[in-house]
Every structure is written in C-alpha cells, then in structure tokens.
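Trainee: Let me begin by handing over the structure; questions about it come next.
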Amino acid sequence: RAKLPYFIENISTNVYSIEELCYYLYHNLYLIDQTIMNEGLCSWIQEELELPALAAKLRSKISKFASAEDIVYPVFKEINYLTYEEMKSFNICLADFGKERQAVRQKRKGDALVENGMYVNAIQVYQKILERDDLNQQRKDFAVAVRYNLGCAYSYLFQMEKAQECFLQAYKESQSAEALKAYVTTYASIHDKT
C-alpha cells in the first residue's frame with residue numbers, strides 16, 4: 001500500500017495499491033487513456049509501490065503508445081489479479097474494444113463517466129462526439145443515443161433547460177417514447193413552479 005496515492009483524473013479518485021489500480025482498469029476499460037497511462041503512473045508504481053520491473057515494462061509500452069491490452073495485462077499479471085474465467089471474459093471485451101469505431105469508444109467513455117458520477121466530463125465527451133464530421137457514418141440512431149445521454153448528464157447536474165433541449169432533439173430525430181418521456185419530465189420540472 002502506497003503512502004501517497006495515484007490520482008486518477010477521469011473519475012477524480014485516488015488509488016493506494018496495485019489491487020485498487022487493477023480494479024479500476026478491469027471495471028473502466030473505456031476510461032483507460034493517457035490521463036491514467038502515463039509517466040506519472042510509472043513513477044508512482046516504481047516509487048510508491050516499489051515495483052521497478054513493472055514500471056519499466058509499462059514505460060516501454062507507454063512510450064510506444066501501445067494498445068490498452070499491452071498496458072493492462074502486465075499490471076494484472078503482477079499480482080495475478082484475474083481468474084482464468086475473468087481473463088477470458090476480459091479478452092473478449094478487449095477484442096470488441098479493438099474493433100469498435102472511435103466514435104463508439106468515445107460514447108462508451110462518456111457513458112462510463114456518467115456511471116462514475118463525472119457528469120461534466122461526460123458532457124464534454126458527448127459534445128465532442130456531436131461535433132464529429134463522421135457522425136452521419138455511424139449506425140442509424142447513434143447521434144440520438146448520444147443526445148439522449150447528454151440530456152441525462154445535464155439533468156444529473158440539474159441543468160434542466162439544456163437537458164430538455166437534448167431530449168427534444170433526440171425525440172425529433174427518433175420519435176422515441178423514451179426521449180419523449182424524458183422531454184416531458186424535464187419540461188414539467190422547469191415549468192411546474194407551484
């Protein structure tokens with residue numbers, strides 16, 4: 001256990017051990033990016049956890065901008081974190097992750113941020129997706145799902161006017177009963193002042 005924690009920026013939390021780091025990586029595949037996998041992590045592993053061999057292994061992978069699996073597996077293997085069945089399941093997730101389009105990965109990242117209560121960060125991710133030039137090349141209702149989730153993130157921050165706009169746009173594009181219900185609910189919350 002480290003005296004000084006490693007701060008994971010994506011979800012604004014500290015980890016104090018290799019086990020906590022493994023838990024984060026296993027449960028937050030879509031949040032693994034340069035904000036966590038960087039020289040700061042390698043230094044923390046080397047100095048605080050006193051695992052210089054693992055730190056050196058990760059440094060070589062990070063400097064080459066390796067894939068998520070090249071970085072995650074050495075951390076898991078350091079303490080044999082996953083059972084055989086969990087490793088098989090995780091391999092499938094990683095394979096699917098590698099096949100997904102960038103926009104889909106970004107949406108899943110936004111969804112993971114919402115799950116972790118990081119609504120402002122999720123909003124930024126969803127807004128970047130909606131600004132993409134290739135948005136119309138995604139599956140049919142992809143933009144609708146992003147707008148709907150953006151509305152949810154706004155509503156969690158009690159920014160009901162912005163949420164209402166997102167839900168209305170999602171409804172106009174899809175005629176979805178779910179989007180309509182969310183729109184009506186936010187509309188009522190704004191206009192029901194009695």
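Chain identifiers are assigned as A, B, and so on, following the order in which chains appear in the structure tokens; residues are numbered from 1 within each chain, and ligands are numbered from 1 in order of appearance.
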Compile the contact shell of Val104 (chain A) as a ChimeraX atom specification: residues with an atom at most 9 Å away, counting only C-alpha atoms, same-chain residues fewer than 4 positions apart removed.

Mentor: /A:100,108-109,129,138,142

Trainee: Please, could you write that set of residues out with C-alpha atoms as a tab-separated table (two decimals), in the first residue's frame?

Mentor:
```tsv
chain	number	residue	atom	x	y	z
A	100	GLU	CA	-15.13	-0.53	-32.33
A	108	ARG	CA	-18.83	4.38	-24.12
A	109	LYS	CA	-16.28	6.58	-22.39
A	129	ILE	CA	-18.90	13.34	-30.46
A	138	GLN	CA	-22.31	5.79	-37.51
A	142	PHE	CA	-26.12	6.74	-32.79
```

Trainee: Leaving out region 20-34 of chain A and any residue of its chain fewer than 2 positions from it, which residues lie within 7 Å of it when counting only C-alpha atoms, given as a count of residues only?

Mentor: 15

Trainee: Using Å and a single decimal, report how far CA of Ala68 (chain A) sits from CA of Lys107 (chain A).

Mentor: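 Interatomic distance, CA of Lys107 (chain A) to CA of Ala68 (chain A): 17.1 Å.
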
Trainee: Please provide the set of residues having any atom within 12 Å of Ala53 (chain A), restricted to only C-alpha atoms, with same-chain residues fewer than 3 positions apart removed, written as an MDAnalysis selection string.

Mentor: chainID A and resid 42:43 45:47 49:50 56:60 74:75 78

Trainee: Produce a file of the selected residues containing all heavy atoms, as a CSV table (one decimal), in the first residue's frame.

Mentor:
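Once written, out25.csv looks like this:
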```csv
chain,number,residue,atom,x,y,z
A,42,CYS,N,3.9,5.4,-14.0
A,42,CYS,CA,5.1,4.6,-13.9
A,42,CYS,C,5.9,5.0,-12.7
A,42,CYS,O,6.4,4.1,-12.0
A,42,CYS,CB,5.9,4.7,-15.2
A,42,CYS,SG,5.1,4.0,-16.7
A,43,SER,N,6.1,6.3,-12.5
A,43,SER,CA,6.8,6.8,-11.4
A,43,SER,C,6.2,6.3,-10.1
A,43,SER,O,6.9,5.9,-9.1
A,43,SER,CB,7.0,8.3,-11.4
A,43,SER,OG,7.7,8.7,-12.5
A,45,ILE,N,4.2,3.7,-9.5
A,45,ILE,CA,4.4,2.3,-9.4
A,45,ILE,C,5.9,2.0,-8.9
A,45,ILE,O,6.1,1.1,-8.0
A,45,ILE,CB,4.1,1.5,-10.7
A,45,ILE,CG1,2.6,1.5,-10.9
A,45,ILE,CG2,4.6,0.1,-10.7
A,45,ILE,CD1,2.2,1.0,-12.3
A,46,GLN,N,6.8,2.7,-9.5
A,46,GLN,CA,8.2,2.4,-9.1
A,46,GLN,C,8.5,2.9,-7.7
A,46,GLN,O,9.1,2.2,-6.9
A,46,GLN,CB,9.1,3.1,-10.1
A,46,GLN,CG,10.6,2.9,-9.8
A,46,GLN,CD,11.5,3.5,-10.9
A,46,GLN,OE1,11.1,3.7,-12.0
A,46,GLN,NE2,12.7,3.8,-10.6
A,47,GLU,N,8.1,4.1,-7.4
A,47,GLU,CA,8.5,4.7,-6.1
A,47,GLU,C,7.6,4.4,-5.0
A,47,GLU,O,8.0,4.0,-3.9
A,47,GLU,CB,8.6,6.3,-6.3
A,47,GLU,CG,9.6,6.7,-7.2
A,47,GLU,CD,9.5,8.1,-7.7
A,47,GLU,OE1,8.7,8.9,-7.1
A,47,GLU,OE2,10.1,8.5,-8.8
A,49,LEU,N,4.9,2.0,-4.9
A,49,LEU,CA,4.6,0.5,-4.8
A,49,LEU,C,5.9,-0.3,-4.8
A,49,LEU,O,5.8,-1.5,-4.5
A,49,LEU,CB,3.7,0.1,-5.9
A,49,LEU,CG,2.3,0.7,-6.0
A,49,LEU,CD1,1.5,0.1,-7.1
A,49,LEU,CD2,1.6,0.6,-4.6
A,50,GLU,N,7.0,0.3,-5.1
A,50,GLU,CA,8.3,-0.4,-5.1
A,50,GLU,C,8.3,-1.6,-6.1
A,50,GLU,O,8.7,-2.7,-5.7
A,50,GLU,CB,8.7,-0.7,-3.7
A,50,GLU,CG,8.9,0.5,-2.8
A,50,GLU,CD,9.2,0.1,-1.3
A,50,GLU,OE1,9.3,-1.1,-1.0
A,50,GLU,OE2,9.4,1.0,-0.6
A,56,ALA,N,9.2,-0.3,-15.4
A,56,ALA,CA,10.0,-0.3,-16.6
A,56,ALA,C,9.2,-1.0,-17.8
A,56,ALA,O,9.3,-0.5,-18.9
A,56,ALA,CB,11.3,-1.1,-16.4
A,57,LYS,N,8.5,-2.0,-17.5
A,57,LYS,CA,7.7,-2.7,-18.6
A,57,LYS,C,6.6,-1.7,-19.1
A,57,LYS,O,6.4,-1.6,-20.3
A,57,LYS,CB,7.0,-3.9,-17.9
A,57,LYS,CG,6.8,-5.1,-18.9
A,57,LYS,CD,6.1,-6.2,-18.2
A,57,LYS,CE,7.1,-7.0,-17.3
A,57,LYS,NZ,6.5,-8.2,-16.7
A,58,LEU,N,6.0,-1.0,-18.2
A,58,LEU,CA,4.9,-0.1,-18.6
A,58,LEU,C,5.5,1.1,-19.4
A,58,LEU,O,4.9,1.6,-20.3
A,58,LEU,CB,4.1,0.4,-17.4
A,58,LEU,CG,3.2,-0.6,-16.8
A,58,LEU,CD1,2.5,0.0,-15.6
A,58,LEU,CD2,2.2,-1.1,-17.8
A,59,ARG,N,6.7,1.6,-18.9
A,59,ARG,CA,7.3,2.7,-19.6
A,59,ARG,C,7.6,2.4,-21.1
A,59,ARG,O,7.4,3.2,-22.0
A,59,ARG,CB,8.6,3.1,-18.9
A,59,ARG,CG,8.5,4.0,-17.8
A,59,ARG,CD,9.8,4.6,-17.3
A,59,ARG,NE,9.6,5.4,-16.2
A,59,ARG,CZ,9.7,5.0,-14.9
A,59,ARG,NH1,10.1,3.8,-14.6
A,59,ARG,NH2,9.5,5.9,-13.9
A,60,SER,N,8.1,1.2,-21.3
A,60,SER,CA,8.4,0.8,-22.7
A,60,SER,C,7.1,0.8,-23.6
A,60,SER,O,7.1,1.1,-24.7
A,60,SER,CB,9.1,-0.5,-22.8
A,60,SER,OG,8.2,-1.6,-22.4
A,74,PRO,N,0.2,-6.4,-18.1
A,74,PRO,CA,1.4,-6.5,-17.2
A,74,PRO,C,0.9,-6.1,-15.8
A,74,PRO,O,1.4,-6.7,-14.8
A,74,PRO,CB,2.4,-5.5,-17.7
A,74,PRO,CG,2.1,-5.4,-19.2
A,74,PRO,CD,0.6,-5.6,-19.3
A,75,VAL,N,0.0,-5.2,-15.6
A,75,VAL,CA,-0.5,-4.8,-14.3
A,75,VAL,C,-1.2,-5.9,-13.7
A,75,VAL,O,-1.0,-6.3,-12.5
A,75,VAL,CB,-1.3,-3.5,-14.4
A,75,VAL,CG1,-1.9,-3.1,-13.0
A,75,VAL,CG2,-0.5,-2.3,-15.0
A,78,GLU,N,1.0,-8.9,-12.6
A,78,GLU,CA,1.9,-8.6,-11.5
A,78,GLU,C,1.4,-9.3,-10.2
A,78,GLU,O,2.2,-9.8,-9.4
A,78,GLU,CB,2.1,-7.1,-11.2
A,78,GLU,CG,3.0,-6.7,-10.2
A,78,GLU,CD,4.5,-7.0,-10.6
A,78,GLU,OE1,4.8,-7.0,-11.8
A,78,GLU,OE2,5.3,-7.2,-9.6
```

Trainee: One number please: CA of Val120 (chain A) to CA of Lys172 (chain A), in Å, one decimal.

Mentor: 24.8 Å

Trainee: Identify, on the basis of only C-alpha atoms, every residue whose closest approach to Val146 (chain A) does not exceed 9 Å; exclude the query and any residue fewer than 5 positions from it along the same chain; express the result as a list in words.

Mentor: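 So, after excluding close chain neighbours, the residues are Lys107, Gly110, Tyr126, Gln127, Ile129, Leu130, Asp141, Gly151 and Ala170 of chain A.
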
Trainee: How would you write, as a PyMOL selection string, the set of residues in region 100-187 of chain A that DSSP gives as helix (DSSP H, G or I)?

Mentor: chain A and resi 102-115+119-130+135-137+142-156+160-174+177-187

Trainee: Compare A:Ile8, A:Leu168, A:Ala103, A:Ile123 by their minimum atom-to-atom distance to Gln137 (chain A), counting only C-alpha atoms, and give me the closest one.

Mentor: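 Once distances to Gln137 (chain A) are computed over only C-alpha atoms, the minimum belongs to A:Ala103.
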
Trainee: Leaving out Lys162 (chain A) and any residue of its chain fewer than 4 positions from it, which residues lie within 10 Å of it when counting only C-alpha atoms, given as a JSON list (two decimals) with all heavy atoms, in the first residue's frame?

Mentor:
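That gives us result-v7.json:
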```json
[["chain", "number", "residue", "atom", "x", "y", "z"],
["A", 150, "LEU", "N", -26.53, 12.79, -23.33],
["A", 150, "LEU", "CA", -26.11, 14.15, -22.98],
["A", 150, "LEU", "C", -27.20, 14.82, -22.15],
["A", 150, "LEU", "O", -26.92, 15.48, -21.14],
["A", 150, "LEU", "CB", -25.83, 14.94, -24.26],
["A", 150, "LEU", "CG", -25.44, 16.41, -24.11],
["A", 150, "LEU", "CD1", -24.18, 16.58, -23.26],
["A", 150, "LEU", "CD2", -25.24, 17.04, -25.49],
["A", 151, "GLY", "N", -28.45, 14.64, -22.55],
["A", 151, "GLY", "CA", -29.57, 15.19, -21.77],
["A", 151, "GLY", "C", -29.60, 14.62, -20.36],
["A", 151, "GLY", "O", -29.83, 15.35, -19.39],
["A", 152, "CYS", "N", -29.34, 13.33, -20.24],
["A", 152, "CYS", "CA", -29.31, 12.71, -18.90],
["A", 152, "CYS", "C", -28.20, 13.33, -18.05],
["A", 152, "CYS", "O", -28.42, 13.64, -16.88],
["A", 152, "CYS", "CB", -29.10, 11.21, -19.02],
["A", 152, "CYS", "SG", -30.49, 10.32, -19.72],
["A", 153, "ALA", "N", -27.02, 13.51, -18.65],
["A", 153, "ALA", "CA", -25.91, 14.10, -17.90],
["A", 153, "ALA", "C", -26.26, 15.51, -17.44],
["A", 153, "ALA", "O", -25.98, 15.88, -16.29],
["A", 153, "ALA", "CB", -24.64, 14.11, -18.76],
["A", 154, "TYR", "N", -26.87, 16.29, -18.32],
["A", 154, "TYR", "CA", -27.30, 17.64, -17.92],
["A", 154, "TYR", "C", -28.32, 17.58, -16.79],
["A", 154, "TYR", "O", -28.27, 18.37, -15.85],
["A", 154, "TYR", "CB", -27.91, 18.39, -19.10],
["A", 154, "TYR", "CG", -26.91, 19.07, -20.00],
["A", 154, "TYR", "CD1", -26.92, 18.86, -21.38],
["A", 154, "TYR", "CD2", -25.97, 19.96, -19.49],
["A", 154, "TYR", "CE1", -26.03, 19.49, -22.22],
["A", 154, "TYR", "CE2", -25.07, 20.60, -20.33],
["A", 154, "TYR", "CZ", -25.10, 20.36, -21.69],
["A", 154, "TYR", "OH", -24.21, 20.99, -22.50],
["A", 155, "SER", "N", -29.24, 16.63, -16.87],
["A", 155, "SER", "CA", -30.28, 16.54, -15.84],
["A", 155, "SER", "C", -29.69, 16.16, -14.48],
["A", 155, "SER", "O", -30.16, 16.63, -13.45],
["A", 155, "SER", "CB", -31.38, 15.57, -16.24],
["A", 155, "SER", "OG", -30.93, 14.23, -16.22],
["A", 158, "PHE", "N", -28.78, 19.11, -12.80],
["A", 158, "PHE", "CA", -29.94, 20.00, -12.64],
["A", 158, "PHE", "C", -29.92, 21.16, -13.63],
["A", 158, "PHE", "O", -30.45, 22.23, -13.36],
["A", 158, "PHE", "CB", -30.05, 20.51, -11.19],
["A", 158, "PHE", "CG", -30.23, 19.40, -10.21],
["A", 158, "PHE", "CD1", -29.16, 18.93, -9.47],
["A", 158, "PHE", "CD2", -31.46, 18.78, -10.06],
["A", 158, "PHE", "CE1", -29.32, 17.87, -8.58],
["A", 158, "PHE", "CE2", -31.64, 17.74, -9.18],
["A", 158, "PHE", "CZ", -30.56, 17.27, -8.43],
["A", 166, "CYS", "N", -31.82, 18.68, -25.32],
["A", 166, "CYS", "CA", -31.24, 17.41, -25.81],
["A", 166, "CYS", "C", -32.32, 16.36, -26.02],
["A", 166, "CYS", "O", -32.33, 15.67, -27.05],
["A", 166, "CYS", "CB", -30.19, 16.90, -24.83],
["A", 166, "CYS", "SG", -28.73, 17.94, -24.71],
["A", 167, "PHE", "N", -33.21, 16.23, -25.05],
["A", 167, "PHE", "CA", -34.28, 15.23, -25.15],
["A", 167, "PHE", "C", -35.22, 15.55, -26.32],
["A", 167, "PHE", "O", -35.66, 14.66, -27.04],
["A", 167, "PHE", "CB", -35.06, 15.12, -23.85],
["A", 167, "PHE", "CG", -34.26, 14.57, -22.70],
["A", 167, "PHE", "CD1", -34.38, 15.13, -21.44],
["A", 167, "PHE", "CD2", -33.40, 13.50, -22.87],
["A", 167, "PHE", "CE1", -33.67, 14.63, -20.37],
["A", 167, "PHE", "CE2", -32.67, 12.99, -21.80],
["A", 167, "PHE", "CZ", -32.81, 13.55, -20.55],
["A", 168, "LEU", "N", -35.52, 16.84, -26.52],
["A", 168, "LEU", "CA", -36.40, 17.23, -27.62],
["A", 168, "LEU", "C", -35.75, 16.91, -28.96],
["A", 168, "LEU", "O", -36.41, 16.36, -29.86],
["A", 168, "LEU", "CB", -36.73, 18.73, -27.54],
["A", 168, "LEU", "CG", -37.63, 19.27, -28.65],
["A", 168, "LEU", "CD1", -38.97, 18.55, -28.66],
["A", 168, "LEU", "CD2", -37.82, 20.77, -28.49],
["A", 186, "THR", "N", -38.59, 16.73, -18.02],
["A", 186, "THR", "CA", -37.77, 17.93, -17.80],
["A", 186, "THR", "C", -38.59, 19.19, -18.03],
["A", 186, "THR", "O", -38.41, 20.17, -17.30],
["A", 186, "THR", "CB", -36.52, 17.94, -18.70],
["A", 186, "THR", "OG1", -36.90, 17.73, -20.06],
["A", 186, "THR", "CG2", -35.52, 16.87, -18.28]]
```

Trainee: Taking the chain letters and numbering used in this document, name the residues of region 4-192 of chain A that DSSP puts in strand (DSSP E or B), as a list in words.

Mentor: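 DSSP on the backbone gives strand (DSSP E or B) at Tyr6, Phe7, Ile8, Thr13, Asn14 and Val15 of chain A.
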
Trainee: Rounded to one decimal in Å, what is the spacing between CA of Thr185 (chain A) and CA of Asn121 (chain A)?

Mentor: 23.9 Å
